[in-house]
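What's in run10.csv: CSV, C-alpha atoms
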```csv
chain,number,residue,atom,x,y,z
A,109,MET,CA,-39.1,121.4,110.4
A,110,GLU,CA,-35.5,120.7,109.4
A,111,LYS,CA,-35.3,117.3,110.8
A,112,LYS,CA,-31.9,116.4,109.5
A,113,GLN,CA,-30.3,119.0,111.7
A,114,ILE,CA,-31.5,117.6,115.0
A,115,PRO,CA,-29.1,115.0,116.4
A,116,ASP,CA,-30.7,111.7,117.0
A,117,ILE,CA,-29.5,111.7,120.6
A,118,ILE,CA,-31.8,114.7,121.3
A,119,VAL,CA,-34.7,113.0,119.5
A,120,SER,CA,-34.2,110.0,121.7
A,121,ARG,CA,-34.7,112.0,124.8
A,122,LEU,CA,-38.0,113.6,123.8
A,123,PRO,CA,-40.2,110.5,124.4
A,124,VAL,CA,-38.6,110.3,127.9
A,125,TYR,CA,-39.6,113.9,128.6
A,126,LEU,CA,-43.1,113.2,127.2
A,127,ARG,CA,-43.5,110.2,129.5
A,128,ALA,CA,-42.5,112.2,132.5
A,129,LEU,CA,-44.8,115.1,131.6
A,130,ARG,CA,-47.7,112.7,131.2
A,131,HIS,CA,-46.9,111.3,134.6
A,132,LEU,CA,-47.0,114.8,136.2
A,133,GLN,CA,-50.2,115.5,134.2
A,134,ALA,CA,-51.8,112.4,135.6
A,135,GLN,CA,-51.1,113.8,139.1
A,136,ASN,CA,-53.1,116.9,138.1
A,137,GLN,CA,-50.0,119.1,137.9
A,138,ARG,CA,-50.3,122.0,135.4
A,139,THR,CA,-46.8,123.5,135.2
A,140,THR,CA,-43.2,122.2,135.7
A,141,SER,CA,-39.7,123.5,135.5
A,142,SER,CA,-36.6,122.1,133.7
A,143,GLN,CA,-35.3,121.4,137.2
A,144,GLU,CA,-38.3,119.3,138.3
A,145,LEU,CA,-38.4,117.5,134.9
A,146,GLY,CA,-34.7,116.8,135.2
A,147,GLU,CA,-35.1,115.2,138.5
A,148,GLN,CA,-37.8,113.0,137.1
A,149,VAL,CA,-35.8,111.7,134.2
A,150,GLY,CA,-32.2,111.9,135.5
A,151,ILE,CA,-31.1,114.5,133.0
A,152,SER,CA,-29.7,118.0,133.8
A,153,ALA,CA,-32.1,121.0,133.7
A,154,ALA,CA,-29.6,122.7,131.3
A,155,GLN,CA,-29.7,119.7,128.9
A,156,ILE,CA,-33.5,119.7,128.9
A,157,ARG,CA,-33.7,123.4,128.2
A,158,LYS,CA,-31.1,123.0,125.4
A,159,ASP,CA,-32.9,120.0,123.9
A,160,LEU,CA,-36.3,121.7,123.9
A,161,SER,CA,-34.9,124.9,122.5
A,162,GLN,CA,-34.1,123.0,119.3
A,163,PHE,CA,-37.8,122.9,118.5
A,164,GLY,CA,-39.0,126.3,119.7
A,165,GLU,CA,-39.7,128.4,122.7
A,166,PHE,CA,-41.8,126.3,125.1
A,167,GLY,CA,-41.2,127.7,128.5
A,168,LYS,CA,-41.1,131.1,130.2
A,169,GLN,CA,-38.3,132.4,132.4
A,170,GLY,CA,-39.7,132.2,135.9
A,171,THR,CA,-42.9,130.4,135.3
A,172,GLY,CA,-41.5,127.3,133.6
A,173,TYR,CA,-43.4,125.0,131.2
A,174,ALA,CA,-47.2,124.7,130.9
A,175,ILE,CA,-47.5,120.9,130.9
A,176,PRO,CA,-50.6,120.5,128.6
A,177,PHE,CA,-48.9,122.8,126.0
A,178,LEU,CA,-45.6,121.0,126.2
A,179,VAL,CA,-47.3,117.6,126.0
A,180,ASP,CA,-49.1,118.7,122.9
A,181,LYS,CA,-46.0,120.1,121.3
A,182,LEU,CA,-43.9,117.0,122.0
A,183,ARG,CA,-46.7,114.7,120.7
A,184,GLU,CA,-46.7,116.8,117.5
A,185,ILE,CA,-42.9,116.8,117.1
A,186,LEU,CA,-42.8,113.0,117.7
A,187,GLN,CA,-45.8,112.6,115.4
A,188,VAL,CA,-47.8,110.7,117.9
A,189,GLU,CA,-50.7,113.1,118.1
A,190,HIS,CA,-52.5,110.5,116.0
A,191,VAL,CA,-52.4,106.7,116.4
A,192,TRP,CA,-50.1,104.5,114.3
A,193,ASP,CA,-51.3,101.1,113.3
A,194,VAL,CA,-48.6,98.5,114.1
A,195,ALA,CA,-48.0,95.1,112.7
A,196,LEU,CA,-46.8,92.5,115.1
A,197,ILE,CA,-44.8,89.5,113.8
A,198,GLY,CA,-44.1,86.4,115.9
A,199,MET,CA,-46.6,85.3,118.5
A,200,GLY,CA,-44.5,83.5,121.0
A,201,ASP,CA,-44.5,84.7,124.7
A,202,MET,CA,-43.2,88.2,123.9
A,203,GLY,CA,-45.5,88.6,120.9
A,204,HIS,CA,-48.5,87.6,123.1
A,205,ALA,CA,-47.4,90.1,125.8
A,206,LEU,CA,-47.1,92.9,123.3
A,207,ALA,CA,-50.4,92.1,121.6
A,208,ARG,CA,-52.1,92.7,125.0
A,209,TYR,CA,-49.7,95.4,126.2
A,210,PRO,CA,-51.7,98.3,127.7
A,211,GLY,CA,-48.9,100.8,127.5
A,212,PHE,CA,-49.5,101.7,123.8
A,213,ARG,CA,-52.8,103.3,124.6
A,214,ASP,CA,-52.7,107.1,124.5
A,215,ARG,CA,-49.1,107.0,123.4
A,216,GLY,CA,-49.6,106.9,119.7
A,217,PHE,CA,-49.8,103.2,118.8
A,218,ARG,CA,-52.3,100.4,118.3
A,219,VAL,CA,-51.5,96.8,117.4
A,220,ALA,CA,-53.6,96.4,114.2
A,221,MET,CA,-52.6,92.9,113.0
A,222,VAL,CA,-50.6,89.9,114.3
A,223,PHE,CA,-48.8,87.2,112.3
A,224,ASP,CA,-47.1,83.9,112.9
A,225,ASN,CA,-45.9,81.1,110.6
A,226,ASP,CA,-46.9,78.3,112.9
A,227,PRO,CA,-49.9,76.5,111.5
A,228,ALA,CA,-51.0,75.6,115.0
A,229,LYS,CA,-51.2,79.3,115.9
A,230,ILE,CA,-52.7,80.7,112.7
A,231,GLY,CA,-56.4,81.5,113.3
A,232,GLU,CA,-56.0,81.4,117.1
A,233,LYS,CA,-57.4,84.5,118.9
A,234,VAL,CA,-55.1,86.7,121.0
A,235,GLY,CA,-57.2,89.3,122.7
A,236,GLU,CA,-59.1,90.9,119.9
A,237,PHE,CA,-56.8,89.5,117.2
A,238,ASP,CA,-56.9,86.5,114.9
A,239,ILE,CA,-53.3,85.4,114.3
A,240,GLN,CA,-52.8,85.6,110.6
A,241,ASP,CA,-50.6,83.5,108.4
A,242,ALA,CA,-47.1,85.1,108.0
A,243,ARG,CA,-47.2,84.3,104.3
A,244,GLU,CA,-50.0,86.9,104.0
A,245,MET,CA,-48.0,89.5,105.9
A,246,GLY,CA,-46.5,91.5,103.1
A,247,LYS,CA,-49.8,91.8,101.2
A,248,ALA,CA,-51.8,92.7,104.3
A,249,ILE,CA,-49.4,95.3,105.5
A,250,LEU,CA,-49.1,96.9,102.1
A,251,GLU,CA,-52.9,97.0,101.6
A,252,ALA,CA,-53.4,98.5,105.1
A,253,GLY,CA,-50.6,101.1,104.5
A,254,ILE,CA,-48.9,100.1,107.8
A,255,ARG,CA,-45.5,101.7,108.3
A,256,VAL,CA,-44.6,100.5,111.8
A,257,ALA,CA,-43.8,96.9,112.9
A,258,MET,CA,-42.6,94.9,115.9
A,259,VAL,CA,-40.5,91.8,115.3
A,260,CYS,CA,-40.7,89.1,117.9
A,261,VAL,CA,-39.6,86.1,115.9
A,262,PRO,CA,-36.6,83.9,116.8
A,263,ALA,CA,-33.2,85.5,115.9
A,264,ALA,CA,-32.6,83.0,113.0
A,265,ALA,CA,-35.8,84.2,111.3
A,266,ALA,CA,-35.6,87.9,112.0
A,267,GLN,CA,-33.6,89.1,109.0
A,268,ALA,CA,-35.8,87.3,106.5
A,269,VAL,CA,-38.9,88.7,108.2
A,270,THR,CA,-37.4,92.2,108.2
A,271,ASN,CA,-36.7,92.0,104.5
A,272,GLN,CA,-40.3,91.2,103.8
A,273,LEU,CA,-41.5,94.0,106.0
A,274,VAL,CA,-39.2,96.5,104.3
A,275,GLU,CA,-40.6,95.3,100.9
A,276,ALA,CA,-44.1,95.8,102.2
A,277,GLY,CA,-43.4,99.5,103.1
A,278,ILE,CA,-42.5,99.3,106.8
A,279,LYS,CA,-40.3,102.2,107.8
A,280,ALA,CA,-39.9,101.7,111.6
A,281,ILE,CA,-39.1,98.3,113.3
A,282,LEU,CA,-39.1,97.6,117.0
A,283,ASN,CA,-36.9,94.5,117.1
A,284,TYR,CA,-37.1,92.0,120.0
A,285,ALA,CA,-35.0,89.4,118.3
A,286,SER,CA,-31.4,89.2,119.7
A,287,ILE,CA,-29.8,90.1,116.4
A,288,ASN,CA,-28.7,93.2,114.5
A,289,LEU,CA,-30.9,93.7,111.5
A,290,SER,CA,-29.7,95.1,108.2
A,291,VAL,CA,-32.2,97.6,106.7
A,292,PRO,CA,-31.9,100.0,103.8
A,293,ALA,CA,-31.5,103.8,104.3
A,294,GLY,CA,-34.8,105.3,105.2
A,295,VAL,CA,-35.8,102.4,107.5
A,296,ARG,CA,-35.2,102.6,111.2
A,297,VAL,CA,-34.7,99.9,113.8
A,298,GLN,CA,-34.9,100.2,117.5
A,299,TYR,CA,-33.7,97.2,119.7
A,300,LEU,CA,-35.4,96.1,122.9
A,301,ASP,CA,-33.1,93.3,123.9
A,302,PRO,CA,-33.3,92.6,127.6
A,303,SER,CA,-29.8,91.0,127.7
A,304,ILE,CA,-28.3,94.2,126.2
A,305,GLY,CA,-30.1,96.3,128.8
A,306,LEU,CA,-28.7,94.2,131.6
A,307,GLN,CA,-25.2,94.0,130.2
A,308,ARG,CA,-25.0,97.8,130.1
A,309,MET,CA,-25.5,97.7,133.9
A,310,THR,CA,-23.4,94.7,135.0
A,311,TYR,CA,-20.3,96.6,133.6
A,312,TYR,CA,-20.7,98.9,136.6
A,313,LEU,CA,-21.4,96.3,139.3
A,314,GLU,CA,-18.7,95.7,141.9
B,1076,MET,CA,-9.8,99.2,135.3
B,1077,GLU,CA,-10.6,102.9,135.8
B,1078,LYS,CA,-14.3,102.6,135.1
B,1079,LYS,CA,-15.1,106.1,135.9
B,1080,GLN,CA,-13.2,107.4,132.9
B,1081,ILE,CA,-15.2,105.5,130.2
B,1082,PRO,CA,-18.2,107.5,129.0
B,1083,ASP,CA,-21.5,105.6,129.4
B,1084,ILE,CA,-22.2,106.0,125.7
B,1085,ILE,CA,-19.2,103.8,124.9
B,1086,VAL,CA,-20.2,101.2,127.5
B,1087,SER,CA,-23.7,101.1,126.0
B,1088,ARG,CA,-22.2,100.1,122.6
B,1089,LEU,CA,-20.1,97.2,124.0
B,1090,PRO,CA,-23.1,94.8,124.4
B,1091,VAL,CA,-24.1,95.5,120.8
B,1092,TYR,CA,-20.6,94.6,119.6
B,1093,LEU,CA,-20.7,91.5,121.7
B,1094,ARG,CA,-24.0,90.4,120.3
B,1095,ALA,CA,-22.8,90.9,116.7
B,1096,LEU,CA,-19.5,89.0,117.4
B,1097,ARG,CA,-21.4,86.1,118.9
B,1098,HIS,CA,-23.6,86.1,115.8
B,1099,LEU,CA,-20.5,85.9,113.5
B,1100,GLN,CA,-19.0,83.2,115.8
B,1101,ALA,CA,-22.2,81.2,115.5
B,1102,GLN,CA,-21.6,81.2,111.8
B,1103,ASN,CA,-18.1,79.7,112.4
B,1104,GLN,CA,-16.3,82.9,111.6
B,1105,ARG,CA,-12.9,83.2,113.4
B,1106,THR,CA,-11.8,86.8,112.6
B,1107,THR,CA,-13.5,90.1,111.7
B,1108,SER,CA,-12.6,93.7,111.0
B,1109,SER,CA,-13.9,96.9,112.4
B,1110,GLN,CA,-15.4,97.5,108.9
B,1111,GLU,CA,-17.4,94.2,108.9
B,1112,LEU,CA,-18.4,94.7,112.5
B,1113,GLY,CA,-19.5,98.3,111.7
B,1114,GLU,CA,-21.7,97.1,108.9
B,1115,GLN,CA,-23.3,94.5,111.2
B,1116,VAL,CA,-24.2,97.1,113.9
B,1117,GLY,CA,-24.6,100.3,111.9
B,1118,ILE,CA,-21.7,102.1,113.6
B,1119,SER,CA,-18.6,103.4,111.8
B,1120,ALA,CA,-15.4,101.4,111.8
B,1121,ALA,CA,-13.5,104.3,113.2
B,1122,GLN,CA,-16.0,104.6,116.1
B,1123,ILE,CA,-15.6,100.9,116.9
B,1124,ARG,CA,-11.8,101.1,116.9
B,1125,LYS,CA,-11.9,104.1,119.1
B,1126,ASP,CA,-14.4,102.5,121.5
B,1127,LEU,CA,-12.4,99.3,121.8
B,1128,SER,CA,-9.1,101.1,122.2
B,1129,GLN,CA,-10.4,102.5,125.5
B,1130,PHE,CA,-10.1,99.0,127.0
B,1131,GLY,CA,-6.9,97.8,125.4
B,1132,GLU,CA,-5.3,96.5,122.2
B,1133,PHE,CA,-7.6,93.9,120.8
B,1134,GLY,CA,-6.9,93.9,117.1
B,1135,LYS,CA,-4.0,93.9,114.8
B,1136,GLN,CA,-3.4,96.2,111.8
B,1137,GLY,CA,-4.1,94.1,108.7
B,1138,THR,CA,-5.4,91.0,110.4
B,1139,GLY,CA,-8.3,92.5,112.3
B,1140,TYR,CA,-9.9,91.0,115.5
B,1141,ALA,CA,-9.7,87.4,116.6
B,1142,ILE,CA,-13.4,86.8,117.4
B,1143,PRO,CA,-13.1,84.3,120.3
B,1144,PHE,CA,-10.5,86.6,122.0
B,1145,LEU,CA,-12.6,89.7,121.6
B,1146,VAL,CA,-15.7,87.9,122.7
B,1147,ASP,CA,-13.9,86.8,125.9
B,1148,LYS,CA,-12.5,90.3,126.5
B,1149,LEU,CA,-15.9,92.0,126.1
B,1150,ARG,CA,-17.6,89.4,128.3
B,1151,GLU,CA,-14.9,90.1,130.9
B,1152,ILE,CA,-15.3,93.9,130.6
B,1153,LEU,CA,-19.1,93.7,130.9
B,1154,GLN,CA,-18.7,91.2,133.7
B,1155,VAL,CA,-20.9,88.6,132.0
B,1156,GLU,CA,-18.3,85.9,131.9
B,1157,HIS,CA,-20.2,84.4,134.9
B,1158,VAL,CA,-24.0,84.2,135.3
B,1159,TRP,CA,-26.0,86.8,137.3
B,1160,ASP,CA,-29.1,85.6,139.1
B,1161,VAL,CA,-32.0,87.9,138.3
B,1162,ALA,CA,-35.1,88.6,140.4
B,1163,LEU,CA,-38.3,89.2,138.3
B,1164,ILE,CA,-41.1,91.1,139.8
B,1165,GLY,CA,-44.6,91.3,138.3
B,1166,MET,CA,-46.0,88.2,136.6
B,1167,GLY,CA,-48.3,89.7,134.1
B,1168,ASP,CA,-47.9,89.0,130.4
B,1169,MET,CA,-44.5,90.6,130.1
B,1170,GLY,CA,-43.2,89.0,133.3
B,1171,HIS,CA,-44.4,85.6,132.0
B,1172,ALA,CA,-42.6,86.2,128.7
B,1173,LEU,CA,-39.4,87.2,130.5
B,1174,ALA,CA,-39.5,84.2,132.9
B,1175,ARG,CA,-39.4,82.0,129.8
B,1176,TYR,CA,-37.2,84.2,127.6
B,1177,PRO,CA,-34.5,82.0,126.0
B,1178,GLY,CA,-32.3,85.1,125.2
B,1179,PHE,CA,-30.6,85.3,128.6
B,1180,ARG,CA,-28.8,81.9,128.1
B,1181,ASP,CA,-25.1,82.3,127.4
B,1182,ARG,CA,-25.4,86.1,127.8
B,1183,GLY,CA,-24.7,86.3,131.5
B,1184,PHE,CA,-28.2,86.1,133.1
B,1185,ARG,CA,-30.6,83.6,134.7
B,1186,VAL,CA,-34.0,84.4,136.2
B,1187,ALA,CA,-33.6,83.0,139.7
B,1188,MET,CA,-36.9,84.0,141.4
B,1189,VAL,CA,-40.2,85.5,140.4
B,1190,PHE,CA,-42.7,87.5,142.5
B,1191,ASP,CA,-46.2,88.8,142.3
B,1192,ASN,CA,-48.6,90.3,144.8
B,1193,ASP,CA,-51.7,88.7,143.4
B,1194,PRO,CA,-52.9,85.9,145.8
B,1195,ALA,CA,-54.3,84.1,142.7
B,1196,LYS,CA,-50.9,83.9,141.1
B,1197,ILE,CA,-48.7,83.2,144.2
B,1198,GLY,CA,-47.7,79.5,144.2
B,1199,GLU,CA,-48.5,79.1,140.5
B,1200,LYS,CA,-45.8,77.5,138.4
B,1201,VAL,CA,-44.2,79.5,135.5
B,1202,GLY,CA,-41.8,77.2,133.7
B,1203,GLU,CA,-39.5,76.0,136.4
B,1204,PHE,CA,-40.5,78.7,138.9
B,1205,ASP,CA,-43.1,79.0,141.7
B,1206,ILE,CA,-44.4,82.5,141.8
B,1207,GLN,CA,-43.5,83.8,145.2
B,1208,ASP,CA,-45.4,86.3,147.4
B,1209,ALA,CA,-44.1,89.8,146.7
B,1210,ARG,CA,-44.1,90.5,150.5
B,1211,GLU,CA,-41.2,88.0,150.8
B,1212,MET,CA,-39.3,89.7,148.0
B,1213,GLY,CA,-36.9,91.9,150.0
B,1214,LYS,CA,-35.9,89.1,152.4
B,1215,ALA,CA,-35.5,86.5,149.6
B,1216,ILE,CA,-33.4,88.8,147.5
B,1217,LEU,CA,-31.2,89.8,150.4
B,1218,GLU,CA,-30.6,86.2,151.5
B,1219,ALA,CA,-29.7,85.1,148.0
B,1220,GLY,CA,-27.5,88.1,147.5
B,1221,ILE,CA,-29.1,89.0,144.2
B,1222,ARG,CA,-28.0,92.3,142.7
B,1223,VAL,CA,-30.0,92.5,139.4
B,1224,ALA,CA,-33.8,92.7,139.0
B,1225,MET,CA,-36.4,93.2,136.3
B,1226,VAL,CA,-39.5,95.2,137.1
B,1227,CYS,CA,-42.7,94.3,135.2
B,1228,VAL,CA,-45.3,95.6,137.6
B,1229,PRO,CA,-47.9,98.3,136.6
B,1230,ALA,CA,-46.6,101.8,136.4
B,1231,ALA,CA,-48.5,102.9,139.6
B,1232,ALA,CA,-46.7,100.2,141.6
B,1233,ALA,CA,-43.2,100.5,140.1
B,1234,GLN,CA,-41.6,103.1,142.4
B,1235,ALA,CA,-42.7,101.3,145.6
B,1236,VAL,CA,-41.4,98.0,144.3
B,1237,THR,CA,-38.1,99.8,143.3
B,1238,ASN,CA,-37.7,101.2,146.7
B,1239,GLN,CA,-38.0,97.7,148.2
B,1240,LEU,CA,-35.5,96.3,145.7
B,1241,VAL,CA,-33.0,99.0,146.5
B,1242,GLU,CA,-33.3,98.3,150.2
B,1243,ALA,CA,-32.8,94.6,149.5
B,1244,GLY,CA,-29.4,95.4,147.8
B,1245,ILE,CA,-30.4,95.5,144.1
B,1246,LYS,CA,-28.0,97.6,142.1
B,1247,ALA,CA,-29.3,97.1,138.5
B,1248,ILE,CA,-32.9,97.3,137.4
B,1249,LEU,CA,-34.3,96.6,134.0
B,1250,ASN,CA,-37.6,98.5,134.1
B,1251,TYR,CA,-40.6,97.5,131.9
B,1252,ALA,CA,-43.0,99.8,133.6
B,1253,SER,CA,-43.9,103.0,131.7
B,1254,ILE,CA,-42.5,105.4,134.4
B,1255,ASN,CA,-39.3,107.0,135.3
B,1256,LEU,CA,-37.9,105.5,138.5
B,1257,SER,CA,-36.0,107.4,141.2
B,1258,VAL,CA,-33.1,105.5,142.6
B,1259,PRO,CA,-30.2,106.5,144.8
B,1260,ALA,CA,-26.7,107.0,143.5
B,1261,GLY,CA,-25.0,103.6,142.9
B,1262,VAL,CA,-28.2,102.0,141.5
B,1263,ARG,CA,-28.7,101.9,137.8
B,1264,VAL,CA,-31.9,101.6,135.8
B,1265,GLN,CA,-32.4,100.7,132.1
B,1266,TYR,CA,-35.8,101.2,130.5
B,1267,LEU,CA,-37.4,98.9,128.0
B,1268,ASP,CA,-40.5,100.8,127.1
B,1269,PRO,CA,-41.9,99.8,123.7
B,1270,SER,CA,-43.8,103.1,123.3
B,1271,ILE,CA,-40.5,105.0,123.8
B,1272,GLY,CA,-38.8,102.8,121.2
B,1273,LEU,CA,-41.6,103.5,118.7
B,1274,GLN,CA,-41.8,107.2,119.4
B,1275,ARG,CA,-38.0,107.6,118.7
B,1276,MET,CA,-38.8,106.4,115.2
B,1277,THR,CA,-42.1,108.0,114.3
B,1278,TYR,CA,-40.4,111.4,114.6
B,1279,TYR,CA,-38.7,110.5,111.4
B,1280,LEU,CA,-41.6,109.1,109.5
B,1281,GLU,CA,-43.0,111.2,106.6
```
Since I need it in another form, could you write the structure as structure tokens?
Amino acid sequence: MEKKQIPDIIVSRLPVYLRALRHLQAQNQRTTSSQELGEQVGISAAQIRKDLSQFGEFGKQGTGYAIPFLVDKLREILQVEHVWDVALIGMGDMGHALARYPGFRDRGFRVAMVFDNDPAKIGEKVGEFDIQDAREMGKAILEAGIRVAMVCVPAAAAQAVTNQLVEAGIKAILNYASINLSVPAGVRVQYLDPSIGLQRMTYYLE
Amino acid sequence: MEKKQIPDIIVSRLPVYLRALRHLQAQNQRTTSSQELGEQVGISAAQIRKDLSQFGEFGKQGTGYAIPFLVDKLREILQVEHVWDVALIGMGDMGHALARYPGFRDRGFRVAMVFDNDPAKIGEKVGEFDIQDAREMGKAILEAGIRVAMVCVPAAAAQAVTNQLVEAGIKAILNYASINLSVPAGVRVQYLDPSIGLQRMTYYLE
């Protein structure tokens, strides 16, 4: 697949389509249309058809999309047909919530190890995990070949942690710290900052 | 301001600029350039200049942007120069983390009330809050005139909760449930779904 040629804005919509398709599937629906999917996700039917057509011919004129087929295809395109081990750094409130988060299941991810630098937390059990010493982080991630991490440390510590993660081979970081992270080319960061999500909406409030 | 004419994609970048400017400000920096800001946020200097020019003349050729001035302007544009009360629904792990989240402070938000429908949780204290009965939610939100809510309930309950919130006058919803929500025109939803954030990145992993 010539990945370089697909705009990231299109890639960013595929997980949203996948989530909506899984939701329809859970309701035992077998087929859908770009119209129906569009209503589910708040994106026009034309845009959905255009987005999906970048990756192949997934639907038929008149009969629409076979949901199990399209789900499989999207999981394959997004490379979540197998499960990625994820390292979680920072076991404050948000880290704890993510360690126990049920929404990774069946969506391609599994928290595999958790770290903190607080001696009072190291060794503590969170669900099925022992919190490991953050000083062991680089070595443990490298040895396990983990490529995906979630950063839940305070903003002041996030860049230093990120640098260590990058050195340990992490290529994808989900960042919960309220700070922009610098990473080298080839490493991606996504931001889940609740204040940013809220500020995007207050702009429109009257 | 003629808000209708600004594309949402531009609006979505303003909180990111604001976060980066606040970060520079915290380091006692007084001025910045679109180049420096661009490096901080991973967006081109030209794009930043173009985005900001939609709202006025904020910088000077040669001397760049005065950070305190631009921070004030962005806070005003995003309407976070005052503090919005936020209702939080669903006091599982994620709800607990958000109720205690320090990252709303100084960014325009304050969790003002928290709700759950679990009799075992109602009345329990979370930080400074008593968890209130979700059956009282609509009335309490309406009386307090709250416009902003965060939904942290299980996916199966999220649409029903959303319907109640909309009826109570909520206009902006930050949704943590792994489901697309239907809302009427005039109500906005932002999604903070960690699996979506991760899937956007695994696409690119080799």
Can you build me a table of chain B residues sitting at most 8 Å from chain A, with the closest atom pair per residue and its distance in Å to one decimal, using all atoms listed in the file, sorted by chain and residue number, as CSV?
```
residue,atom,partner,partner_atom,distance
B:Lys1078,CA,A:Tyr312,CA,7.5
B:Val1086,CA,A:Arg308,CA,6.4
B:Ser1087,CA,A:Arg308,CA,5.4
B:Leu1089,CA,A:Arg308,CA,7.8
B:Pro1090,CA,A:Ile304,CA,5.5
B:Val1091,CA,A:Ile304,CA,7.0
B:Arg1094,CA,A:Ile287,CA,7.0
B:Ala1095,CA,A:Asn288,CA,6.7
B:His1098,CA,A:Ile287,CA,7.4
B:Gln1115,CA,A:Asn288,CA,6.5
B:Val1116,CA,A:Asn288,CA,6.0
B:Ile1152,CA,A:Tyr311,CA,6.4
B:Leu1153,CA,A:Tyr311,CA,4.1
B:Gln1154,CA,A:Tyr311,CA,5.6
B:Val1155,CA,A:Gln307,CA,7.1
B:Asp1168,CA,A:Ala205,CA,4.8
B:Met1169,CA,A:Ala205,CA,5.2
B:His1171,CA,A:Asp201,CA,7.4
B:Ala1172,CA,A:Asp201,CA,4.7
B:Leu1173,CA,A:Met202,CA,7.7
B:Arg1175,CA,A:Asp201,CA,7.7
B:Tyr1176,CA,A:Asp201,CA,7.9
B:Gly1178,CA,A:Ser303,CA,6.9
B:Phe1179,CA,A:Ser303,CA,5.8
B:Arg1182,CA,A:Ser303,CA,6.6
B:Gly1183,CA,A:Gln307,CA,7.8
B:Phe1184,CA,A:Ser303,CA,7.5
B:Lys1246,CA,A:Leu313,CA,7.3
B:Ala1247,CA,A:Met309,CA,6.0
B:Ile1248,CA,A:Leu306,CA,7.8
B:Leu1249,CA,A:Leu306,CA,6.5
B:Ser1253,CA,A:Gly211,CA,6.9
B:Ile1254,CA,A:Arg127,CA,6.9
B:Asn1255,CA,A:Val149,CA,6.0
B:Leu1256,CA,A:Gln148,CA,7.6
B:Ser1257,CA,A:Gln148,CA,7.2
B:Arg1263,CA,A:Met309,CA,6.6
B:Val1264,CA,A:Met309,CA,7.7
B:Gln1265,CA,A:Gly305,CA,6.0
B:Tyr1266,CA,A:Gly305,CA,7.7
B:Leu1267,CA,A:Leu300,CA,6.2
B:Pro1269,CA,A:Leu300,CA,7.5
B:Ser1270,CA,A:Phe212,CA,5.9
B:Ile1271,CA,A:Pro123,CA,5.5
B:Gly1272,CA,A:Gln298,CA,6.0
B:Leu1273,CA,A:Leu282,CA,6.6
B:Gln1274,CA,A:Leu186,CA,6.1
B:Arg1275,CA,A:Ser120,CA,5.4
B:Met1276,CA,A:Ala280,CA,6.0
B:Thr1277,CA,A:Gln187,CA,6.0
B:Tyr1278,CA,A:Leu186,CA,4.2
B:Tyr1279,CA,A:Lys111,CA,7.6
B:Leu1280,CA,A:Lys279,CA,7.2
```
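The environment of B:Gln1100 within 8 Å, counting only C-alpha atoms and disregarding residues fewer than 4 places along the same chain, consists of Leu1096, Gln1104, Arg1105, Ile1142 and Pro1143 of chain B.
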Exercise for review: Mind giving me the straight-line distance from atom CA of A:Arg218 to atom CA of A:Leu178 in Å, one decimal?
Suggested key: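 Calculated distance between atom CA of A:Arg218 and atom CA of A:Leu178 is 23.1 Å.
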**Study point:** Neighbours of point (-42.6, 92.5, 139.2) within 8 Å, using all atoms listed in the file, written as a list in words
**Key:** Leu1163, Ile1164, Gly1165, Met1166, Gly1170, Val1189, Phe1190, Asp1191, Met1225, Val1226, Cys1227, Val1228 and Val1236 of chain B
Check your understanding: Could you state the separation of atom CA of B:Gln1207 and atom CA of B:Val1186 in Å, given to one decimal place?
Key ->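 Separating atom CA of B:Gln1207 from atom CA of B:Val1186 is a distance of 13.1 Å.
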Practice item. For the point (-6.6, 94.8, 122.5) in the file's frame, write as a PyMOL selection string all residues with an atom no more than 12 Å away, counting all atoms listed in the file. Key: chain B and resi 1124-1136+1139-1142+1144-1149+1152
